[in-house]
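Q: I am attaching a structure below and will ask some questions about it afterwards.
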Amino acid sequence: MKAAPKGVQPRDTSIRIWFMWKGKRQWETLKMNPTASNIKHAARMREEVCTKIALGIFDYLEYFPDSKNAQEFKAQNAKPTFSEIADKWLATINHLAPSTLAGYRKMLKNYPVPIFGHTPIDQIKYSDIAELLGSVEWSSMKTRNNVATVIRQPFELAFIDGLIDINPAARIKNMQVQKEAPDPFTLAEANQIIQQLHDNDEPVFANYFEFAFFTGLRTSELFALTWQDIDFKSGLCRVSKAVVSGITKSTKNYTVRDIELNSRALAALERQKQHSLLNNKHIFLDPRTKQPMLNDKVPFRPWQLAVRLTGIRYRKPYNTRHTFATLNLMAGALPMWVSRQMGHKNMKMLLENYSRWIDQADKQKEKNKLDAILLGQECAKTEIGTNFGTKERTTA
C-alpha cells in the first residue's frame, strides 16, 4: 500500500493532518473518507496551512472553525468591544473639563452603546453607524454632528492601535447646519430689561445683567469673577477663569485678558458692592443662598420674567454678549478692540458674526463725512449771502 504524504494520517472514516503551530504539533481531523483523492486534498490543505503559518497569516478559524484550538484562538485574538475602546478613549482625554467629559459620556451612553456597545470593534461596519445616526429624530443637525464626532473617536483610537484595518466611521460626514445669527438687543431694550429687574426687586440680577450687557463677558466668566479681578483705579477687569458646572477652569481660549470697563459696567459694580463685597470673594452671588452661582439656571428665571414683562421679543441671556459687540461697533469702536474685549481667539470670529453691524457703522461714518461737506457748503452759502447783503446795503 502506498505511504500517505507527510503529515497526513488516513483513518477508518476520516483523515487526520498535523502541522507545527506556535511551537507545538497540532492534530486536526477532516471528516472525509480516506480515498486517494481525499488524501491528496488533505495533503494540499496541510501544505497551504504550513505556508500561511510561515508567512504569519494563518487564521485557525478559517480552516478549522469547529476545532477546540480554533475556539481558543478566537478567544485569544478577540478584539475589544466598542464600549471597551470608548472607555479607553475617554481615559486619554481626562484632561478636559469635567462638564465636557460628562457630555461625551452621555452621548456615548445614549446612542452607540445601546446599539453596538458589546460588539467587537472590528465587526462594526459603516452601515451600522450610518443606520444609527439615521434612525434618531435629532433636535438639530448640530446635535447630530456632535454625536457623530464623538462616535468617530473610539474607532480612530482602534485604528491607530492597529485593532482595525479600516476606520468605518471615517466616512461619516457631518450634515450642513444653518448657523444661528446674532440676535442682539437694542440699547433701549437692554435698559428696559435692567429697569424691569429693579422693579421686580431683583437688584443683584439687575447688576449682573447690566454688567453682562456692557462688558460682553461669557456666562461662565461672569460666574468666576471676583472682586480681586477689578481694578477700580484703572477701570479694568481681569478675565482669567471660568466656572462650568461648579468647576473653576481656564477661559474658553485659555488666555487671560484685561477688559476696559465703561461707565455702565462700573456703575453696576458700585451698586453690587453692598451685596457681596464683604460676604464672599465672588462678585455675583445667588441672592437666595449667598453662594457663588454654579450654573446658568440661577439667573435664568429672573431674566425670563423680566423680558416677558417688558413685552420685548424673547432672546436668551447669552445675547447680552452679542448686544455688547453690536452696540460698540455701531458706535464706531474699532473691530480689533471689540474682539480683544470679548476674548476672541482672532478677528475671524468677529468678522464672521458681526460683519453686518460693521458695514452699517462704516456706512454711517461715510454718510457723516458727506453730511459734514454738505453742512459746510450750506454754511458757506449762508455766509456769502450775508456778506453780499451787507455789501449791497453799504453801497446803497
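Every chain in the C-alpha cells has a letter given in the order shown (A, B, ...), and although residue numbers restart at 1 in each chain, ligands are simply numbered from 1 in the order shown.
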Can you check which residues of region 201-263 of chain A DSSP gives as helix (DSSP H, G or I) on the backbone and send them as a list in words?

A: Pro203, Val204, Phe205, Ala206, Asn207, Tyr208, Phe209, Glu210, Phe211, Ala212, Phe213, Thr219, Ser220, Glu221, Leu222, Phe223, Ala224, Trp227, Gln228, Asp229 and Ser263 of chain A

Q: Would you mind exporting the chosen residues as a PDB file, in the first residue's frame, restricted to N, CA, C and O atoms?

A:
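Once everything was written out, this is result12.pdb:
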ATOM      1  N   PRO A 203     -32.299  93.333  42.599  1.00  0.00           N
ATOM      2  CA  PRO A 203     -31.160  94.225  42.353  1.00  0.00           C
ATOM      3  C   PRO A 203     -29.883  93.493  41.945  1.00  0.00           C
ATOM      4  O   PRO A 203     -29.113  93.995  41.119  1.00  0.00           O
ATOM      5  N   VAL A 204     -29.651  92.294  42.524  1.00  0.00           N
ATOM      6  CA  VAL A 204     -28.432  91.544  42.180  1.00  0.00           C
ATOM      7  C   VAL A 204     -28.452  91.144  40.709  1.00  0.00           C
ATOM      8  O   VAL A 204     -27.450  91.298  39.987  1.00  0.00           O
ATOM      9  N   PHE A 205     -29.591  90.675  40.254  1.00  0.00           N
ATOM     10  CA  PHE A 205     -29.680  90.254  38.851  1.00  0.00           C
ATOM     11  C   PHE A 205     -29.709  91.468  37.917  1.00  0.00           C
ATOM     12  O   PHE A 205     -29.244  91.389  36.775  1.00  0.00           O
ATOM     13  N   ALA A 206     -30.233  92.582  38.396  1.00  0.00           N
ATOM     14  CA  ALA A 206     -30.170  93.818  37.594  1.00  0.00           C
ATOM     15  C   ALA A 206     -28.717  94.224  37.391  1.00  0.00           C
ATOM     16  O   ALA A 206     -28.304  94.577  36.275  1.00  0.00           O
ATOM     17  N   ASN A 207     -27.925  94.161  38.462  1.00  0.00           N
ATOM     18  CA  ASN A 207     -26.492  94.478  38.357  1.00  0.00           C
ATOM     19  C   ASN A 207     -25.763  93.466  37.476  1.00  0.00           C
ATOM     20  O   ASN A 207     -24.905  93.834  36.671  1.00  0.00           O
ATOM     21  N   TYR A 208     -26.117  92.188  37.673  1.00  0.00           N
ATOM     22  CA  TYR A 208     -25.482  91.101  36.916  1.00  0.00           C
ATOM     23  C   TYR A 208     -25.693  91.296  35.414  1.00  0.00           C
ATOM     24  O   TYR A 208     -24.747  91.248  34.620  1.00  0.00           O
ATOM     25  N   PHE A 209     -26.937  91.531  35.014  1.00  0.00           N
ATOM     26  CA  PHE A 209     -27.224  91.649  33.578  1.00  0.00           C
ATOM     27  C   PHE A 209     -26.770  92.995  33.007  1.00  0.00           C
ATOM     28  O   PHE A 209     -26.401  93.067  31.834  1.00  0.00           O
ATOM     29  N   GLU A 210     -26.757  94.028  33.820  1.00  0.00           N
ATOM     30  CA  GLU A 210     -26.207  95.298  33.328  1.00  0.00           C
ATOM     31  C   GLU A 210     -24.714  95.135  33.042  1.00  0.00           C
ATOM     32  O   GLU A 210     -24.209  95.586  32.011  1.00  0.00           O
ATOM     33  N   PHE A 211     -24.015  94.448  33.950  1.00  0.00           N
ATOM     34  CA  PHE A 211     -22.590  94.198  33.748  1.00  0.00           C
ATOM     35  C   PHE A 211     -22.381  93.312  32.519  1.00  0.00           C
ATOM     36  O   PHE A 211     -21.448  93.525  31.739  1.00  0.00           O
ATOM     37  N   ALA A 212     -23.269  92.338  32.313  1.00  0.00           N
ATOM     38  CA  ALA A 212     -23.166  91.450  31.152  1.00  0.00           C
ATOM     39  C   ALA A 212     -23.386  92.227  29.855  1.00  0.00           C
ATOM     40  O   ALA A 212     -22.644  92.056  28.879  1.00  0.00           O
ATOM     41  N   PHE A 213     -24.414  93.069  29.845  1.00  0.00           N
ATOM     42  CA  PHE A 213     -24.714  93.869  28.645  1.00  0.00           C
ATOM     43  C   PHE A 213     -23.549  94.776  28.259  1.00  0.00           C
ATOM     44  O   PHE A 213     -23.280  94.976  27.071  1.00  0.00           O
ATOM     45  N   THR A 219     -21.076  83.838  30.085  1.00  0.00           N
ATOM     46  CA  THR A 219     -21.744  83.479  31.342  1.00  0.00           C
ATOM     47  C   THR A 219     -20.775  82.831  32.316  1.00  0.00           C
ATOM     48  O   THR A 219     -20.741  83.170  33.502  1.00  0.00           O
ATOM     49  N   SER A 220     -19.964  81.894  31.830  1.00  0.00           N
ATOM     50  CA  SER A 220     -19.013  81.193  32.698  1.00  0.00           C
ATOM     51  C   SER A 220     -17.984  82.145  33.290  1.00  0.00           C
ATOM     52  O   SER A 220     -17.510  81.952  34.420  1.00  0.00           O
ATOM     53  N   GLU A 221     -17.636  83.204  32.550  1.00  0.00           N
ATOM     54  CA  GLU A 221     -16.671  84.195  33.046  1.00  0.00           C
ATOM     55  C   GLU A 221     -17.301  85.087  34.108  1.00  0.00           C
ATOM     56  O   GLU A 221     -16.646  85.476  35.082  1.00  0.00           O
ATOM     57  N   LEU A 222     -18.577  85.412  33.939  1.00  0.00           N
ATOM     58  CA  LEU A 222     -19.291  86.199  34.941  1.00  0.00           C
ATOM     59  C   LEU A 222     -19.356  85.456  36.269  1.00  0.00           C
ATOM     60  O   LEU A 222     -19.169  86.051  37.333  1.00  0.00           O
ATOM     61  N   PHE A 223     -19.620  84.151  36.211  1.00  0.00           N
ATOM     62  CA  PHE A 223     -19.710  83.345  37.429  1.00  0.00           C
ATOM     63  C   PHE A 223     -18.382  83.312  38.187  1.00  0.00           C
ATOM     64  O   PHE A 223     -18.351  83.248  39.410  1.00  0.00           O
ATOM     65  N   ALA A 224     -17.271  83.338  37.454  1.00  0.00           N
ATOM     66  CA  ALA A 224     -15.946  83.188  38.072  1.00  0.00           C
ATOM     67  C   ALA A 224     -15.367  84.506  38.574  1.00  0.00           C
ATOM     68  O   ALA A 224     -14.361  84.507  39.293  1.00  0.00           O
ATOM     69  N   TRP A 227     -13.876  90.021  43.254  1.00  0.00           N
ATOM     70  CA  TRP A 227     -13.574  91.435  43.472  1.00  0.00           C
ATOM     71  C   TRP A 227     -12.086  91.724  43.259  1.00  0.00           C
ATOM     72  O   TRP A 227     -11.710  92.835  42.889  1.00  0.00           O
ATOM     73  N   GLN A 228     -11.252  90.708  43.467  1.00  0.00           N
ATOM     74  CA  GLN A 228      -9.814  90.888  43.238  1.00  0.00           C
ATOM     75  C   GLN A 228      -9.491  91.088  41.758  1.00  0.00           C
ATOM     76  O   GLN A 228      -8.396  91.551  41.412  1.00  0.00           O
ATOM     77  N   ASP A 229     -10.429  90.751  40.893  1.00  0.00           N
ATOM     78  CA  ASP A 229     -10.202  90.918  39.452  1.00  0.00           C
ATOM     79  C   ASP A 229     -10.465  92.342  38.973  1.00  0.00           C
ATOM     80  O   ASP A 229     -10.168  92.675  37.822  1.00  0.00           O
ATOM     81  N   SER A 263     -18.675 103.215  31.743  1.00  0.00           N
ATOM     82  CA  SER A 263     -19.370 103.807  32.889  1.00  0.00           C
ATOM     83  C   SER A 263     -20.519 102.934  33.387  1.00  0.00           C
ATOM     84  O   SER A 263     -20.761 102.850  34.602  1.00  0.00           O
TER      85      SER A 263
END

Q: Got a sec: who's within 7 Å of Leu294 (chain A), counting only C-alpha atoms, leaving out chain neighbours fewer than 3 positions off, as a list in words?

A: Val243, Ser245 and Gly246 of chain A

Q: DSSP says strand (DSSP E or B) for which residues of region 118-235 of chain A? Put them as a list in words?

A: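 Matching residues, listed in order: Pro120, Thr226, Ile230 and Asp231 of chain A.
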
Q: Hey, can you check how far CA of Ser139 (chain A) sits from CA of Lys297 (chain A)?

A: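 For CA of Ser139 (chain A) relative to CA of Lys297 (chain A), the distance reads 20.9 Å.
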
Q: Could you give me, as a list in words, the residues within 9 Å of Phe324 (chain A), counting only C-alpha atoms and dropping anything in the same chain fewer than 4 positions from it?

A: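 The residues that qualify are Pro184, Phe185, Ala212, Phe213, Phe214, Thr215, Gly216, Leu217, Asn319, Thr320, Asn328, Leu329, Val338 and Met342 of chain A.
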
Q: If you count only C-alpha atoms, which residues fall within 8 Å of Pro182 (chain A), apart from same-chain ones fewer than 3 positions away, as a list in words?

A: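 In the requested form, the answer reads Asn319, His322, Asn353 and Tyr354 of chain A.
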
Q: Any chance you can output those residues with all heavy atoms as a PDB file, in the first residue's frame?

A:
ATOM      1  N   ASN A 319     -27.433  86.560  24.621  1.00  0.00           N
ATOM      2  CA  ASN A 319     -27.466  87.670  23.665  1.00  0.00           C
ATOM      3  C   ASN A 319     -27.007  88.987  24.282  1.00  0.00           C
ATOM      4  O   ASN A 319     -26.844  89.980  23.561  1.00  0.00           O
ATOM      5  CB  ASN A 319     -28.867  87.808  23.068  1.00  0.00           C
ATOM      6  CG  ASN A 319     -29.116  86.777  21.989  1.00  0.00           C
ATOM      7  OD1 ASN A 319     -28.561  86.861  20.896  1.00  0.00           O
ATOM      8  ND2 ASN A 319     -29.915  85.781  22.296  1.00  0.00           N
ATOM      9  N   HIS A 322     -23.791  89.451  22.523  1.00  0.00           N
ATOM     10  CA  HIS A 322     -23.969  89.991  21.173  1.00  0.00           C
ATOM     11  C   HIS A 322     -24.329  91.482  21.226  1.00  0.00           C
ATOM     12  O   HIS A 322     -23.907  92.267  20.367  1.00  0.00           O
ATOM     13  CB  HIS A 322     -25.074  89.235  20.433  1.00  0.00           C
ATOM     14  CG  HIS A 322     -24.750  87.793  20.183  1.00  0.00           C
ATOM     15  ND1 HIS A 322     -23.531  87.368  19.733  1.00  0.00           N
ATOM     16  CD2 HIS A 322     -25.525  86.677  20.308  1.00  0.00           C
ATOM     17  CE1 HIS A 322     -23.543  86.053  19.593  1.00  0.00           C
ATOM     18  NE2 HIS A 322     -24.732  85.613  19.936  1.00  0.00           N
ATOM     19  N   ASN A 353     -19.321  86.934  12.469  1.00  0.00           N
ATOM     20  CA  ASN A 353     -20.586  87.063  13.196  1.00  0.00           C
ATOM     21  C   ASN A 353     -21.196  88.460  13.132  1.00  0.00           C
ATOM     22  O   ASN A 353     -22.419  88.603  13.199  1.00  0.00           O
ATOM     23  CB  ASN A 353     -20.388  86.674  14.669  1.00  0.00           C
ATOM     24  CG  ASN A 353     -20.203  85.188  14.848  1.00  0.00           C
ATOM     25  OD1 ASN A 353     -20.799  84.394  14.131  1.00  0.00           O
ATOM     26  ND2 ASN A 353     -19.370  84.803  15.800  1.00  0.00           N
ATOM     27  N   TYR A 354     -20.344  89.477  13.034  1.00  0.00           N
ATOM     28  CA  TYR A 354     -20.865  90.841  13.166  1.00  0.00           C
ATOM     29  C   TYR A 354     -20.572  91.731  11.957  1.00  0.00           C
ATOM     30  O   TYR A 354     -20.594  92.961  12.071  1.00  0.00           O
ATOM     31  CB  TYR A 354     -20.274  91.483  14.431  1.00  0.00           C
ATOM     32  CG  TYR A 354     -20.509  90.677  15.681  1.00  0.00           C
ATOM     33  CD1 TYR A 354     -19.462  89.983  16.300  1.00  0.00           C
ATOM     34  CD2 TYR A 354     -21.778  90.570  16.244  1.00  0.00           C
ATOM     35  CE1 TYR A 354     -19.675  89.229  17.447  1.00  0.00           C
ATOM     36  CE2 TYR A 354     -22.005  89.819  17.391  1.00  0.00           C
ATOM     37  CZ  TYR A 354     -20.944  89.152  17.978  1.00  0.00           C
ATOM     38  OH  TYR A 354     -21.164  88.401  19.121  1.00  0.00           O
TER      39      TYR A 354
END

Q: Hey, can you check how far CA of Leu277 (chain A) sits from CA of His198 (chain A)?

A: 19.6 Å

Q: Counting only C-alpha atoms, which residues of region 134-209 of chain A fall within 8 Å of region 95-117 of chain A, and what is the closest atom pair for each with its distance in Å at one decimal, ordered by chain and rising number, as a Markdown table?

A:
| residue | atom | partner | partner_atom | distance |
| --- | --- | --- | --- | --- |
| A:Val147 | CA | A:Met107 | CA | 6.0 |
| A:Val150 | CA | A:Tyr104 | CA | 6.7 |
| A:Ile151 | CA | A:Leu108 | CA | 7.1 |

Q: Hey, which of A:Arg301, A:Arg152, A:Lys52, A:Lys241 ends up closest to Ile85 (chain A)? Count only C-alpha atoms.

A: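 When distances to Ile85 (chain A) are compared using only C-alpha atoms, the smallest one comes from A:Arg152.
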
Q: Excluding Leu334 (chain A) and residues on its chain fewer than 2 positions from it, collect all residues at most 12 Å away from it, counting only C-alpha atoms, and give them as a ChimeraX atom specification.

A: /A:325-332,336-341,347,350-351,357-358,361-362

Q: Write out, as an mmCIF file, in the first residue's frame, the residues just selected, with N, CA and C atoms.

A:
data_model
loop_
_atom_site.group_PDB
_atom_site.id
_atom_site.type_symbol
_atom_site.label_atom_id
_atom_site.label_comp_id
_atom_site.auth_asym_id
_atom_site.auth_seq_id
_atom_site.Cartn_x
_atom_site.Cartn_y
_atom_site.Cartn_z
ATOM 1 N N ALA A 325 -21.247 93.638 21.664
ATOM 2 C CA ALA A 325 -20.469 93.733 20.421
ATOM 3 C C ALA A 325 -21.109 94.707 19.443
ATOM 4 N N THR A 326 -22.403 94.567 19.226
ATOM 5 C CA THR A 326 -23.070 95.388 18.204
ATOM 6 C C THR A 326 -23.194 96.844 18.633
ATOM 7 N N LEU A 327 -23.429 97.101 19.928
ATOM 8 C CA LEU A 327 -23.507 98.487 20.395
ATOM 9 C C LEU A 327 -22.181 99.205 20.183
ATOM 10 N N ASN A 328 -21.087 98.519 20.465
ATOM 11 C CA ASN A 328 -19.768 99.124 20.286
ATOM 12 C C ASN A 328 -19.445 99.349 18.818
ATOM 13 N N LEU A 329 -19.761 98.377 17.990
ATOM 14 C CA LEU A 329 -19.469 98.514 16.555
ATOM 15 C C LEU A 329 -20.285 99.640 15.941
ATOM 16 N N MET A 330 -21.555 99.733 16.321
ATOM 17 C CA MET A 330 -22.399 100.787 15.784
ATOM 18 C C MET A 330 -21.972 102.168 16.288
ATOM 19 N N ALA A 331 -21.299 102.174 17.456
ATOM 20 C CA ALA A 331 -20.812 103.444 17.994
ATOM 21 C C ALA A 331 -19.486 103.851 17.359
ATOM 22 N N GLY A 332 -18.951 102.963 16.497
ATOM 23 C CA GLY A 332 -17.712 103.304 15.798
ATOM 24 C C GLY A 332 -16.453 102.747 16.425
ATOM 25 N N MET A 336 -11.004 95.473 16.049
ATOM 26 C CA MET A 336 -9.923 94.789 16.755
ATOM 27 C C MET A 336 -10.065 94.978 18.266
ATOM 28 N N TRP A 337 -10.432 96.180 18.699
ATOM 29 C CA TRP A 337 -10.626 96.456 20.128
ATOM 30 C C TRP A 337 -11.800 95.646 20.670
ATOM 31 N N VAL A 338 -12.893 95.614 19.924
ATOM 32 C CA VAL A 338 -14.069 94.858 20.351
ATOM 33 C C VAL A 338 -13.720 93.371 20.470
ATOM 34 N N SER A 339 -12.980 92.857 19.507
ATOM 35 C CA SER A 339 -12.592 91.453 19.517
ATOM 36 C C SER A 339 -11.747 91.124 20.749
ATOM 37 N N ARG A 340 -10.819 92.021 21.089
ATOM 38 C CA ARG A 340 -9.975 91.792 22.276
ATOM 39 C C ARG A 340 -10.813 91.844 23.547
ATOM 40 N N GLN A 341 -11.732 92.781 23.610
ATOM 41 C CA GLN A 341 -12.599 92.887 24.790
ATOM 42 C C GLN A 341 -13.386 91.593 25.018
ATOM 43 N N MET A 347 -9.557 87.757 14.939
ATOM 44 C CA MET A 347 -10.577 88.647 14.368
ATOM 45 C C MET A 347 -11.616 87.907 13.528
ATOM 46 N N LEU A 350 -15.159 87.669 14.987
ATOM 47 C CA LEU A 350 -15.901 88.935 14.982
ATOM 48 C C LEU A 350 -16.382 89.275 13.580
ATOM 49 N N LEU A 351 -15.511 89.119 12.592
ATOM 50 C CA LEU A 351 -15.874 89.473 11.218
ATOM 51 C C LEU A 351 -16.979 88.577 10.678
ATOM 52 N N TRP A 357 -23.090 94.583 11.212
ATOM 53 C CA TRP A 357 -23.052 95.790 12.050
ATOM 54 C C TRP A 357 -21.797 96.619 11.748
ATOM 55 N N ILE A 358 -20.705 95.933 11.367
ATOM 56 C CA ILE A 358 -19.504 96.670 10.965
ATOM 57 C C ILE A 358 -19.794 97.466 9.694
ATOM 58 N N ALA A 361 -21.965 100.466 10.484
ATOM 59 C CA ALA A 361 -21.182 101.527 11.133
ATOM 60 C C ALA A 361 -20.321 102.261 10.110
ATOM 61 N N ASP A 362 -19.722 101.489 9.175
ATOM 62 C CA ASP A 362 -18.886 102.105 8.141
ATOM 63 C C ASP A 362 -19.719 103.011 7.232
#

Q: Taking only C-alpha atoms into account, which of A:Asp296, A:Glu189, A:Glu156, A:Glu47 comes nearest Gly7 (chain A)?

A: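 Distance minimum relative to Gly7 (chain A) lands on A:Glu47.
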
Q: When you look at Lys6 (chain A) with a cut-off of 10 Å (counting only C-alpha atoms), what residues show up, excluding the ones that are within fewer than 4 positions of it in the same chain? I need them as a ChimeraX atom specification.

A: /A:17-19,43,46-47

Q: Would you save the residues of that selection, restricted to C-alpha atoms, as a PDB file, in the first residue's frame?

A:
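Output file result_39.pdb follows:
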ATOM      1  CA  ILE A  17      -3.322  16.026   9.478  1.00  0.00           C
ATOM      2  CA  TRP A  18      -0.697  17.571  11.690  1.00  0.00           C
ATOM      3  CA  PHE A  19       1.355  20.763  11.492  1.00  0.00           C
ATOM      4  CA  ALA A  43      -2.062  16.981   1.736  1.00  0.00           C
ATOM      5  CA  ARG A  46      -1.726  20.851   5.047  1.00  0.00           C
ATOM      6  CA  GLU A  47       0.795  22.407   2.680  1.00  0.00           C
TER       7      GLU A  47
END

Q: Residues at most 9 Å from Gln9 (chain A), counting only C-alpha atoms, excluding those fewer than 5 positions away in the same chain, as a VMD selection string?

A: chain A and resid 4 14 to 18 34 39

Q: Could you tell me how far CA of Ile93 (chain A) sits from CA of Gln176 (chain A), in Å to one decimal place?

A: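 These atoms are spaced 27.1 Å apart.
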
Q: Can you work out which one of A:Asp231, A:Glu62, A:Glu84, A:Glu137 has the shortest atom-to-atom distance to Pro120 (chain A), counting only C-alpha atoms?

A: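 Ranking A:Asp231, A:Glu62, A:Glu84, A:Glu137 by distance to Pro120 (chain A), first place goes to A:Glu84.
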